[in-house]
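Next up, run11.tsv (TSV, C-alpha atoms and all ligand atoms):
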chain	number	residue	atom	x	y	z
A	1	MET	CA	56.33	-54.89	-67.70
A	2	ILE	CA	56.86	-58.34	-69.03
A	3	PHE	CA	57.98	-59.44	-65.62
A	4	GLN	CA	54.92	-57.93	-63.98
A	5	ASP	CA	52.59	-59.59	-66.47
A	6	LYS	CA	54.17	-62.90	-65.80
A	7	TYR	CA	53.86	-62.38	-62.11
A	8	GLU	CA	50.21	-61.45	-62.34
A	9	HIS	CA	49.60	-64.40	-64.54
A	10	TRP	CA	51.20	-66.67	-61.95
A	11	LEU	CA	49.12	-65.13	-59.20
A	12	MET	CA	45.89	-65.53	-61.18
A	13	ARG	CA	46.73	-69.09	-61.93
A	14	TYR	CA	47.43	-70.16	-58.37
A	15	PHE	CA	45.22	-67.75	-56.48
A	16	HIS	CA	42.25	-70.10	-56.52
A	17	LEU	CA	44.39	-72.99	-55.44
A	18	VAL	CA	46.00	-71.10	-52.53
A	19	PHE	CA	42.61	-69.71	-51.52
A	20	PHE	CA	41.08	-73.17	-51.59
A	21	VAL	CA	43.88	-74.70	-49.49
A	22	LEU	CA	43.66	-71.94	-46.87
A	23	ILE	CA	39.89	-72.17	-46.62
A	24	SER	CA	39.88	-75.94	-46.33
A	25	LEU	CA	42.63	-75.88	-43.70
A	26	GLY	CA	40.60	-73.39	-41.71
A	27	ALA	CA	37.36	-75.32	-42.12
A	28	ASN	CA	39.11	-78.52	-41.25
A	29	THR	CA	40.11	-77.25	-37.81
A	30	MET	CA	37.11	-74.99	-37.29
A	31	ASP	CA	34.49	-77.71	-37.28
A	32	LYS	CA	36.54	-80.16	-35.21
A	33	PRO	CA	35.13	-80.57	-31.70
A	34	ILE	CA	37.12	-79.64	-28.61
A	35	ALA	CA	36.31	-80.96	-25.13
A	36	ILE	CA	37.75	-81.51	-21.68
A	37	VAL	CA	36.71	-83.80	-18.83
A	38	LEU	CA	38.13	-83.78	-15.31
A	39	HIS	CA	37.87	-85.73	-12.08
A	40	GLY	CA	38.73	-84.79	-8.53
A	41	GLY	CA	38.63	-88.31	-7.14
A	42	ALA	CA	36.02	-91.00	-6.60
A	43	GLY	CA	34.86	-91.71	-3.07
A	44	TRP	CA	32.23	-90.90	-0.52
A	45	PHE	CA	32.45	-87.13	-0.15
A	46	ALA	CA	30.25	-87.70	2.90
A	47	ASN	CA	29.36	-85.03	5.46
A	48	LEU	CA	30.51	-82.17	3.27
A	49	SER	CA	28.89	-78.85	4.09
A	50	ASP	CA	27.33	-76.82	1.29
A	51	ASP	CA	30.33	-74.50	1.45
A	52	GLN	CA	32.77	-77.38	1.08
A	53	GLN	CA	30.84	-78.76	-1.87
A	54	SER	CA	30.80	-75.33	-3.50
A	55	ALA	CA	34.53	-74.90	-2.94
A	56	ILE	CA	35.23	-78.24	-4.66
A	57	LYS	CA	32.89	-77.44	-7.55
A	58	ASP	CA	34.29	-73.93	-7.98
A	59	LYS	CA	37.83	-75.29	-8.17
A	60	MET	CA	36.78	-77.99	-10.63
A	61	LYS	CA	35.12	-75.33	-12.79
A	62	GLU	CA	38.18	-73.08	-12.61
A	63	ALA	CA	40.37	-75.98	-13.73
A	64	MET	CA	37.93	-76.95	-16.50
A	65	ASP	CA	37.69	-73.39	-17.82
A	66	ALA	CA	41.48	-72.97	-17.80
A	67	GLY	CA	41.94	-76.12	-19.88
A	68	TYR	CA	39.03	-75.32	-22.18
A	69	SER	CA	40.23	-71.81	-22.96
A	70	ILE	CA	43.56	-73.24	-24.14
A	71	LEU	CA	41.68	-75.62	-26.43
A	72	ALA	CA	39.38	-72.84	-27.66
A	73	SER	CA	42.34	-70.69	-28.65
A	74	GLY	CA	43.82	-73.53	-30.69
A	75	GLY	CA	46.20	-74.91	-28.05
A	76	ALA	CA	47.33	-78.50	-27.66
A	77	SER	CA	45.42	-80.98	-25.50
A	78	SER	CA	48.63	-81.67	-23.54
A	79	ASP	CA	48.83	-78.00	-22.52
A	80	ALA	CA	45.15	-78.00	-21.56
A	81	VAL	CA	45.64	-81.06	-19.34
A	82	ILE	CA	48.64	-79.45	-17.64
A	83	ALA	CA	46.77	-76.17	-17.03
A	84	SER	CA	43.78	-77.96	-15.50
A	85	ILE	CA	45.72	-80.41	-13.34
A	86	THR	CA	48.12	-77.72	-12.09
A	87	ILE	CA	45.15	-75.77	-10.67
A	88	LEU	CA	43.91	-78.89	-8.86
A	89	GLU	CA	47.42	-79.77	-7.61
A	90	ASP	CA	47.80	-76.26	-6.19
A	91	SER	CA	44.57	-76.59	-4.20
A	92	PRO	CA	44.52	-78.28	-0.78
A	93	LEU	CA	41.01	-79.60	-1.56
A	94	PHE	CA	42.27	-82.60	-3.54
A	95	ASN	CA	44.67	-85.48	-2.95
A	96	ALA	CA	47.38	-84.35	-5.36
A	97	GLY	CA	50.18	-81.80	-5.11
A	98	LYS	CA	49.46	-79.48	-2.19
A	99	GLY	CA	46.67	-81.59	-0.72
A	100	SER	CA	48.46	-84.95	-0.90
A	101	VAL	CA	47.72	-87.58	1.73
A	102	PHE	CA	50.30	-89.01	4.16
A	103	THR	CA	52.16	-92.30	4.13
A	104	SER	CA	52.32	-94.50	7.24
A	105	GLU	CA	55.54	-92.65	8.13
A	106	ALA	CA	53.80	-89.26	7.87
A	107	THR	CA	55.67	-88.38	4.68
A	108	GLN	CA	54.11	-87.44	1.35
A	109	GLU	CA	54.95	-89.17	-1.92
A	110	MET	CA	53.32	-88.12	-5.14
A	111	ASP	CA	52.74	-89.89	-8.45
A	112	ALA	CA	51.62	-88.50	-11.82
A	113	SER	CA	51.50	-89.34	-15.50
A	114	ILE	CA	50.52	-87.97	-18.89
A	115	MET	CA	49.96	-89.62	-22.26
A	116	ARG	CA	49.36	-88.30	-25.78
A	117	GLY	CA	46.92	-90.14	-27.99
A	118	ASP	CA	48.44	-89.36	-31.40
A	119	ASP	CA	51.87	-90.97	-30.94
A	120	HIS	CA	51.47	-92.77	-27.57
A	121	ALA	CA	54.19	-90.58	-26.08
A	122	ALA	CA	54.06	-90.73	-22.28
A	123	GLY	CA	55.77	-89.43	-19.16
A	124	ALA	CA	55.38	-90.60	-15.58
A	125	VAL	CA	56.79	-89.86	-12.17
A	126	ALA	CA	56.54	-91.82	-8.93
A	127	SER	CA	57.33	-91.10	-5.27
A	128	VAL	CA	58.39	-87.46	-5.44
A	129	SER	CA	58.21	-85.26	-2.35
A	130	VAL	CA	59.57	-81.83	-3.28
A	131	VAL	CA	58.26	-81.22	-6.80
A	132	LYS	CA	55.48	-78.65	-6.57
A	133	ASN	CA	53.61	-79.91	-9.64
A	134	PRO	CA	54.30	-83.58	-10.38
A	135	ILE	CA	52.16	-83.39	-13.55
A	136	LYS	CA	54.58	-80.83	-15.01
A	137	LEU	CA	57.45	-83.20	-14.32
A	138	ALA	CA	55.57	-85.99	-16.11
A	139	LYS	CA	55.22	-83.74	-19.19
A	140	HIS	CA	58.87	-82.72	-18.95
A	141	ILE	CA	59.85	-86.41	-18.97
A	142	MET	CA	57.59	-87.07	-21.96
A	143	GLU	CA	58.96	-84.18	-23.98
A	144	ASN	CA	62.62	-83.98	-22.99
A	145	THR	CA	63.92	-87.45	-22.19
A	146	PRO	CA	64.10	-90.74	-24.09
A	147	HIS	CA	62.45	-92.42	-21.08
A	148	VAL	CA	58.89	-92.79	-19.80
A	149	MET	CA	59.09	-93.12	-16.03
A	150	PHE	CA	61.29	-91.70	-13.26
A	151	ALA	CA	61.04	-92.30	-9.51
A	152	GLY	CA	62.25	-90.75	-6.27
A	153	GLU	CA	65.53	-88.88	-6.11
A	154	GLY	CA	66.37	-89.29	-9.79
A	155	ALA	CA	63.01	-87.80	-10.70
A	156	GLU	CA	63.57	-84.88	-8.33
A	157	ALA	CA	67.05	-84.25	-9.75
A	158	LEU	CA	65.52	-84.16	-13.22
A	159	ALA	CA	62.90	-81.65	-12.02
A	160	LYS	CA	65.65	-79.41	-10.64
A	161	SER	CA	67.78	-79.57	-13.78
A	162	GLY	CA	64.67	-78.95	-15.90
A	163	GLY	CA	63.92	-75.74	-14.00
A	164	LEU	CA	60.67	-76.99	-12.45
A	165	GLU	CA	59.55	-75.50	-9.16
A	166	ILE	CA	60.95	-77.26	-6.09
A	167	VAL	CA	59.39	-76.69	-2.66
A	168	ASP	CA	60.12	-77.61	0.92
A	169	PRO	CA	58.25	-80.81	1.93
A	170	ASP	CA	56.34	-78.69	4.47
A	171	TYR	CA	54.56	-77.00	1.59
A	172	PHE	CA	52.41	-80.14	1.22
A	173	TYR	CA	51.41	-80.38	4.88
A	174	SER	CA	47.72	-80.06	5.65
A	175	GLN	CA	46.11	-80.62	9.03
A	176	GLU	CA	43.09	-82.30	7.47
A	177	LYS	CA	45.15	-84.96	5.67
A	178	PHE	CA	47.30	-85.48	8.77
A	179	GLU	CA	44.19	-86.15	10.83
A	180	ALA	CA	43.06	-88.64	8.19
A	181	LEU	CA	46.37	-90.48	8.73
A	182	GLN	CA	45.82	-90.51	12.47
A	183	ARG	CA	42.33	-91.94	12.00
A	184	ALA	CA	43.70	-94.60	9.66
A	185	GLN	CA	46.38	-95.57	12.15
A	186	SER	CA	43.92	-95.78	15.02
A	187	LYS	CA	41.77	-98.04	12.80
A	188	GLN	CA	39.06	-95.43	12.55
A	189	HIS	CA	39.55	-94.90	8.88
A	190	LEU	CA	36.54	-93.10	7.54
A	191	LYS	CA	35.25	-93.84	4.09
A	192	GLU	CA	35.24	-90.13	3.41
A	193	ASP	CA	39.02	-90.10	3.84
A	194	LYS	CA	39.35	-91.87	0.52
A	195	LEU	CA	39.08	-89.25	-2.18
A	196	GLY	CA	40.73	-86.60	-4.20
A	197	THR	CA	43.12	-87.89	-6.86
A	198	VAL	CA	42.84	-85.62	-9.89
A	199	GLY	CA	42.83	-86.20	-13.63
A	200	ALA	CA	41.98	-84.59	-16.94
A	201	VAL	CA	41.45	-85.75	-20.51
A	202	ALA	CA	41.32	-83.20	-23.32
A	203	LEU	CA	40.62	-83.21	-27.06
A	204	ASP	CA	42.12	-80.41	-29.14
A	205	LYS	CA	41.02	-79.11	-32.53
A	206	PHE	CA	43.68	-81.18	-34.25
A	207	GLY	CA	41.88	-84.31	-33.04
A	208	ASN	CA	44.54	-85.15	-30.45
A	209	ILE	CA	43.54	-86.60	-27.09
A	210	THR	CA	45.80	-86.24	-24.02
A	211	ALA	CA	45.13	-87.82	-20.62
A	212	GLY	CA	46.81	-87.02	-17.29
A	213	THR	CA	46.50	-88.07	-13.65
A	214	SER	CA	48.09	-86.85	-10.41
A	215	THR	CA	47.83	-88.15	-6.85
A	216	GLY	CA	49.25	-88.34	-3.37
A	217	GLY	CA	48.24	-92.02	-3.38
A	218	MET	CA	46.36	-93.61	-0.48
A	219	THR	CA	46.36	-92.53	3.16
A	220	ASN	CA	48.63	-94.70	5.33
A	221	LYS	CA	50.30	-96.37	2.33
A	222	LEU	CA	53.70	-97.87	3.05
A	223	PRO	CA	56.60	-95.62	2.01
A	224	GLY	CA	57.65	-96.44	-1.54
A	225	ARG	CA	54.24	-97.80	-2.51
A	226	VAL	CA	53.29	-96.71	-6.01
A	227	GLY	CA	49.67	-96.78	-7.18
A	228	ASP	CA	48.08	-96.88	-10.59
A	229	SER	CA	48.15	-93.15	-11.33
A	230	PRO	CA	51.67	-93.09	-12.86
A	231	ILE	CA	51.27	-96.47	-14.55
A	232	ILE	CA	50.56	-96.03	-18.26
A	233	GLY	CA	47.62	-98.28	-19.12
A	234	ALA	CA	46.40	-98.52	-15.53
A	235	GLY	CA	45.77	-94.95	-14.29
A	236	THR	CA	46.24	-93.10	-17.58
A	237	TRP	CA	45.83	-94.00	-21.24
A	238	ALA	CA	45.32	-92.11	-24.49
A	239	ASP	CA	44.78	-93.34	-28.03
A	240	ASN	CA	43.23	-90.99	-30.57
A	241	GLU	CA	41.33	-93.76	-32.34
A	242	SER	CA	39.61	-95.19	-29.27
A	243	CYS	CA	39.74	-92.95	-26.20
A	244	GLY	CA	41.64	-91.22	-23.41
A	245	VAL	CA	41.16	-92.22	-19.77
A	246	SER	CA	42.17	-91.00	-16.33
A	247	ALA	CA	41.33	-93.27	-13.39
A	248	THR	CA	40.87	-92.86	-9.67
A	249	GLY	CA	40.35	-95.50	-7.04
A	250	HIS	CA	42.02	-98.38	-5.25
A	251	GLY	CA	45.25	-98.39	-7.23
A	252	GLU	CA	46.29	-102.00	-6.67
A	253	PHE	CA	43.19	-103.21	-8.54
A	254	PHE	CA	43.52	-100.62	-11.27
A	255	ILE	CA	47.06	-101.86	-11.93
A	256	ARG	CA	46.11	-105.53	-11.95
A	257	TYR	CA	43.19	-104.99	-14.31
A	258	ASN	CA	45.05	-102.43	-16.45
A	259	VAL	CA	41.84	-100.44	-16.27
A	260	SER	CA	42.45	-97.42	-18.51
A	261	LYS	CA	43.81	-99.32	-21.49
A	262	GLU	CA	41.27	-102.11	-21.03
A	263	ILE	CA	38.43	-99.58	-21.47
A	264	CYS	CA	39.92	-98.19	-24.69
A	265	ASP	CA	40.62	-101.71	-25.96
A	266	ARG	CA	36.96	-102.65	-25.49
A	267	VAL	CA	36.06	-99.57	-27.53
A	268	LYS	CA	38.64	-100.34	-30.19
A	269	TYR	CA	38.34	-104.09	-30.55
A	270	LEU	CA	34.81	-104.86	-29.34
A	271	GLY	CA	33.17	-101.78	-30.86
A	272	LYS	CA	31.67	-100.69	-27.54
A	273	SER	CA	30.72	-97.09	-26.80
A	274	ILE	CA	32.95	-95.34	-24.24
A	275	ARG	CA	29.95	-95.26	-21.91
A	276	ASP	CA	29.28	-99.01	-22.11
A	277	ALA	CA	32.97	-99.93	-21.92
A	278	SER	CA	33.60	-97.83	-18.82
A	279	ASP	CA	30.32	-98.67	-17.02
A	280	GLN	CA	30.98	-102.33	-17.62
A	281	LEU	CA	34.55	-102.32	-16.33
A	282	ILE	CA	33.75	-100.16	-13.32
A	283	SER	CA	30.94	-102.54	-12.32
A	284	GLU	CA	33.28	-105.52	-12.79
A	285	LEU	CA	35.61	-103.78	-10.35
A	286	LYS	CA	32.75	-103.30	-7.89
A	287	ALA	CA	32.17	-107.05	-7.98
A	288	ILE	CA	35.69	-107.57	-6.62
A	289	GLU	CA	35.27	-104.73	-4.11
A	290	ALA	CA	37.55	-102.33	-5.90
A	291	ASP	CA	36.29	-98.76	-5.42
A	292	GLY	CA	36.84	-96.12	-8.02
A	293	GLY	CA	35.93	-94.43	-11.25
A	294	VAL	CA	37.15	-93.14	-14.58
A	295	ILE	CA	36.71	-90.22	-16.93
A	296	VAL	CA	36.81	-91.06	-20.64
A	297	LEU	CA	36.84	-88.90	-23.78
A	298	ASN	CA	36.74	-89.84	-27.47
A	299	LYS	CA	37.63	-87.97	-30.63
A	300	LYS	CA	34.04	-86.79	-31.12
A	301	GLY	CA	34.36	-84.93	-27.82
A	302	GLU	CA	31.92	-87.29	-26.08
A	303	ALA	CA	32.68	-88.08	-22.45
A	304	ALA	CA	31.85	-90.90	-20.06
A	305	MET	CA	32.19	-90.57	-16.29
A	306	SER	CA	31.70	-93.90	-14.53
A	307	PHE	CA	32.18	-94.62	-10.83
A	308	ASN	CA	31.09	-97.27	-8.37
A	309	THR	CA	31.32	-95.06	-5.27
A	310	PRO	CA	28.58	-92.70	-4.09
A	311	ALA	CA	30.42	-89.76	-5.62
A	312	MET	CA	33.14	-88.62	-7.99
A	313	ALA	CA	33.99	-84.95	-8.36
A	314	ARG	CA	33.80	-84.38	-12.10
A	315	ALA	CA	33.49	-81.69	-14.73
A	316	TYR	CA	32.96	-81.69	-18.48
A	317	LYS	CA	32.85	-79.03	-21.13
A	318	GLY	CA	32.25	-80.04	-24.72
A	319	PRO	CA	30.70	-78.87	-27.97
A	320	ASP	CA	27.25	-78.30	-26.48
A	321	GLN	CA	27.26	-79.26	-22.84
A	322	GLU	CA	28.88	-78.26	-19.57
A	323	LEU	CA	28.57	-79.84	-16.13
A	324	VAL	CA	30.24	-79.84	-12.73
A	325	GLU	CA	28.98	-82.48	-10.26
A	326	ILE	CA	30.05	-84.38	-7.18
A	327	TYR	CA	27.26	-86.84	-6.37
A	328	ARG	CA	25.44	-89.30	-8.55
B	1	LIG	N1	44.45	-94.36	-7.52
B	1	LIG	C1	45.16	-93.69	-6.47
B	1	LIG	C2	46.19	-94.62	-5.91
B	1	LIG	O1	45.90	-95.78	-5.71
B	1	LIG	C3	44.28	-93.23	-5.35
B	1	LIG	C4	42.97	-92.58	-5.75
B	1	LIG	O2	42.64	-92.49	-6.90
B	1	LIG	O3	42.23	-92.15	-4.85
B	1	LIG	O4	47.28	-94.20	-5.62
Would it be possible to restate this file's structure as structure tokens?
Ligand code: ASP
Amino acid sequence: MIFQDKYEHWLMRYFHLVFFVLISLGANTMDKPIAIVLHGGAGWFANLSDDQQSAIKDKMKEAMDAGYSILASGGASSDAVIASITILEDSPLFNAGKGSVFTSEATQEMDASIMRGDDHAAGAVASVSVVKNPIKLAKHIMENTPHVMFAGEGAEALAKSGGLEIVDPDYFYSQEKFEALQRAQSKQHLKEDKLGTVGAVALDKFGNITAGTSTGGMTNKLPGRVGDSPIIGAGTWADNESCGVSATGHGEFFIRYNVSKEICDRVKYLGKSIRDASDQLISELKAIEADGGVIVLNKKGEAAMSFNTPAMARAYKGPDQELVEIYR
């Protein structure tokens, strides 16, 4: 009896405290915004039939919804980014994973990266040809190695030992991308051939931003060429206090101007909004004839989608808005 009294007394004493802690923990995560923004490449998207436009938009929406549902059920932004980008990599509609473009030697070499905004952890992979989902390899590198970036055969060996899916190089072949290579080599490169890199930036209910990017690079690139997409700071950047960015465009410029980090630095150090910072930088790139665009997300769940080309496939789902667009 004495024991029970003591126990009840203890419970009474701390009940309010425990109740208060549980409620405030719940409230703390419940009212935090979640959001995801995606791109499917900046470019011309010219001469696309209505059906082709719908196919691109449907796939963007599928990828957006997959990422968002992970966030809505309390998942991490890194898992949301992987879910969304994997769907885009598995589609031949984009220039990443299955739909990757060809090098000048008619091979395919893929690049990808991911970065977490809470601790600046990052993983990147360059020039892989048999890894089905390069973005998953980037995350594997981030989470399971002391390194940030792997390339070529070493990266593929790591994918194999990590149990990631390996495919025959033929898996990535598509007639459409091969014809784009032939046009490029016969100097009939069409502007509409330049499109399709994919990226996602997500904010989870813990306030963590993750950004990721995946690409086959640029049609007719020299073998071994690496673009901005796997370069942390250029193609991908995430910092919880300023923003997360995934870029698409003419990679050489995006590397030289360190585009993704530069946008977040303008937010952080110059106090600019993500919209102003990204619009400004993307128009500075236009002035030096560098085509491309970015998607940006901050910890309030606000997004900016800036591009200096006629189109950028893009999708956003946030606290009270949803959109999927291709053209301006
Ligand atoms: N940025 C990519 C690269 O240069 C290409 C693209 O975004 O379209 O590899």
List every protein, DNA or RNA residue that has an atom no more than 12 Å from (47.7, -96.7, -17.5) in the file's coordinate frame, counting only C-alpha atoms, and report them as a short mmCIF file (atom, residue, chain, number, x, y, z; two decimals) with C-alpha atoms, in the frame of the given file.
data_model
loop_
_atom_site.label_atom_id
_atom_site.label_comp_id
_atom_site.auth_asym_id
_atom_site.auth_seq_id
_atom_site.Cartn_x
_atom_site.Cartn_y
_atom_site.Cartn_z
CA ALA A 112 51.62 -88.50 -11.82
CA SER A 113 51.50 -89.34 -15.50
CA ILE A 114 50.52 -87.97 -18.89
CA MET A 115 49.96 -89.62 -22.26
CA ARG A 116 49.36 -88.30 -25.78
CA HIS A 120 51.47 -92.77 -27.57
CA ALA A 122 54.06 -90.73 -22.28
CA GLY A 123 55.77 -89.43 -19.16
CA ALA A 124 55.38 -90.60 -15.58
CA ALA A 211 45.13 -87.82 -20.62
CA GLY A 212 46.81 -87.02 -17.29
CA THR A 213 46.50 -88.07 -13.65
CA GLY A 227 49.67 -96.78 -7.18
CA ASP A 228 48.08 -96.88 -10.59
CA SER A 229 48.15 -93.15 -11.33
CA PRO A 230 51.67 -93.09 -12.86
CA ILE A 231 51.27 -96.47 -14.55
CA ILE A 232 50.56 -96.03 -18.26
CA GLY A 233 47.62 -98.28 -19.12
CA ALA A 234 46.40 -98.52 -15.53
CA GLY A 235 45.77 -94.95 -14.29
CA THR A 236 46.24 -93.10 -17.58
CA TRP A 237 45.83 -94.00 -21.24
CA ALA A 238 45.32 -92.11 -24.49
CA ASP A 239 44.78 -93.34 -28.03
CA GLY A 244 41.64 -91.22 -23.41
CA VAL A 245 41.16 -92.22 -19.77
CA SER A 246 42.17 -91.00 -16.33
CA ALA A 247 41.33 -93.27 -13.39
CA THR A 248 40.87 -92.86 -9.67
CA GLY A 251 45.25 -98.39 -7.23
CA PHE A 253 43.19 -103.21 -8.54
CA PHE A 254 43.52 -100.62 -11.27
CA ILE A 255 47.06 -101.86 -11.93
CA ARG A 256 46.11 -105.53 -11.95
CA TYR A 257 43.19 -104.99 -14.31
CA ASN A 258 45.05 -102.43 -16.45
CA VAL A 259 41.84 -100.44 -16.27
CA SER A 260 42.45 -97.42 -18.51
CA LYS A 261 43.81 -99.32 -21.49
CA GLU A 262 41.27 -102.11 -21.03
CA ILE A 263 38.43 -99.58 -21.47
CA CYS A 264 39.92 -98.19 -24.69
CA VAL A 294 37.15 -93.14 -14.58
#
Using all atoms listed in the file, what are the residues with an atom within 8 Å of ligand LIG 1 (chain B), set out as an mmCIF file with C-alpha atoms, in the coordinates of the input?
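File part_39.cif, as written:
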data_model
loop_
_atom_site.group_PDB
_atom_site.id
_atom_site.type_symbol
_atom_site.label_atom_id
_atom_site.label_comp_id
_atom_site.auth_asym_id
_atom_site.auth_seq_id
_atom_site.Cartn_x
_atom_site.Cartn_y
_atom_site.Cartn_z
ATOM 1 C CA GLY A 41 38.630 -88.310 -7.140
ATOM 2 C CA ALA A 42 36.020 -91.000 -6.600
ATOM 3 C CA GLY A 43 34.860 -91.710 -3.070
ATOM 4 C CA ASN A 95 44.670 -85.480 -2.950
ATOM 5 C CA ASP A 111 52.740 -89.890 -8.450
ATOM 6 C CA LYS A 194 39.350 -91.870 0.520
ATOM 7 C CA LEU A 195 39.080 -89.250 -2.180
ATOM 8 C CA GLY A 196 40.730 -86.600 -4.200
ATOM 9 C CA THR A 197 43.120 -87.890 -6.860
ATOM 10 C CA VAL A 198 42.840 -85.620 -9.890
ATOM 11 C CA THR A 215 47.830 -88.150 -6.850
ATOM 12 C CA GLY A 216 49.250 -88.340 -3.370
ATOM 13 C CA GLY A 217 48.240 -92.020 -3.380
ATOM 14 C CA MET A 218 46.360 -93.610 -0.480
ATOM 15 C CA VAL A 226 53.290 -96.710 -6.010
ATOM 16 C CA GLY A 227 49.670 -96.780 -7.180
ATOM 17 C CA ASP A 228 48.080 -96.880 -10.590
ATOM 18 C CA SER A 229 48.150 -93.150 -11.330
ATOM 19 C CA GLY A 235 45.770 -94.950 -14.290
ATOM 20 C CA ALA A 247 41.330 -93.270 -13.390
ATOM 21 C CA THR A 248 40.870 -92.860 -9.670
ATOM 22 C CA GLY A 249 40.350 -95.500 -7.040
ATOM 23 C CA HIS A 250 42.020 -98.380 -5.250
ATOM 24 C CA GLY A 251 45.250 -98.390 -7.230
ATOM 25 C CA GLU A 252 46.290 -102.000 -6.670
ATOM 26 C CA PHE A 254 43.520 -100.620 -11.270
ATOM 27 C CA GLY A 292 36.840 -96.120 -8.020
#
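Interatomic distance, CA of Asn144 in chain A to CA of Pro92 in chain A: 29.2 Å.
For the atom pair formed by CA of Glu289 in chain A and CA of Ser306 in chain A, the distance is 15.4 Å, given to one decimal.
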Quick one: what's the axis-aligned box for range 206-220 of chain A, all listed atoms, 4 Å on every side, centre and edges in Å to one decimal, as lines of an AutoDock Vina configuration file?
center_x = 45.6
center_y = -87.9
center_z = -14.5
size_x = 15.4
size_y = 21.5
size_z = 47.6
From the list A:Gly75, A:Pro33, A:Pro223, A:Gly162, the nearest residue to Met110 in chain A using only C-alpha atoms is A:Pro223
For Arg225 in chain A, work out the shell of residues within 9 Å, counting all atoms listed in the file and skipping chain neighbours fewer than 6 positions away, then give it as a PDB file with C-alpha atoms, in the coordinates of the input.
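Listed below is the output, result-v2.pdb:
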ATOM      1  CA  THR A 103      52.160 -92.300   4.130  1.00  0.00           C
ATOM      2  CA  GLU A 109      54.950 -89.170  -1.920  1.00  0.00           C
ATOM      3  CA  SER A 127      57.330 -91.100  -5.270  1.00  0.00           C
ATOM      4  CA  GLY A 217      48.240 -92.020  -3.380  1.00  0.00           C
TER       5      GLY A 217
END
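From CA of Lys177 in chain A back to CA of Glu153 in chain A, the distance works out to 23.9 Å.
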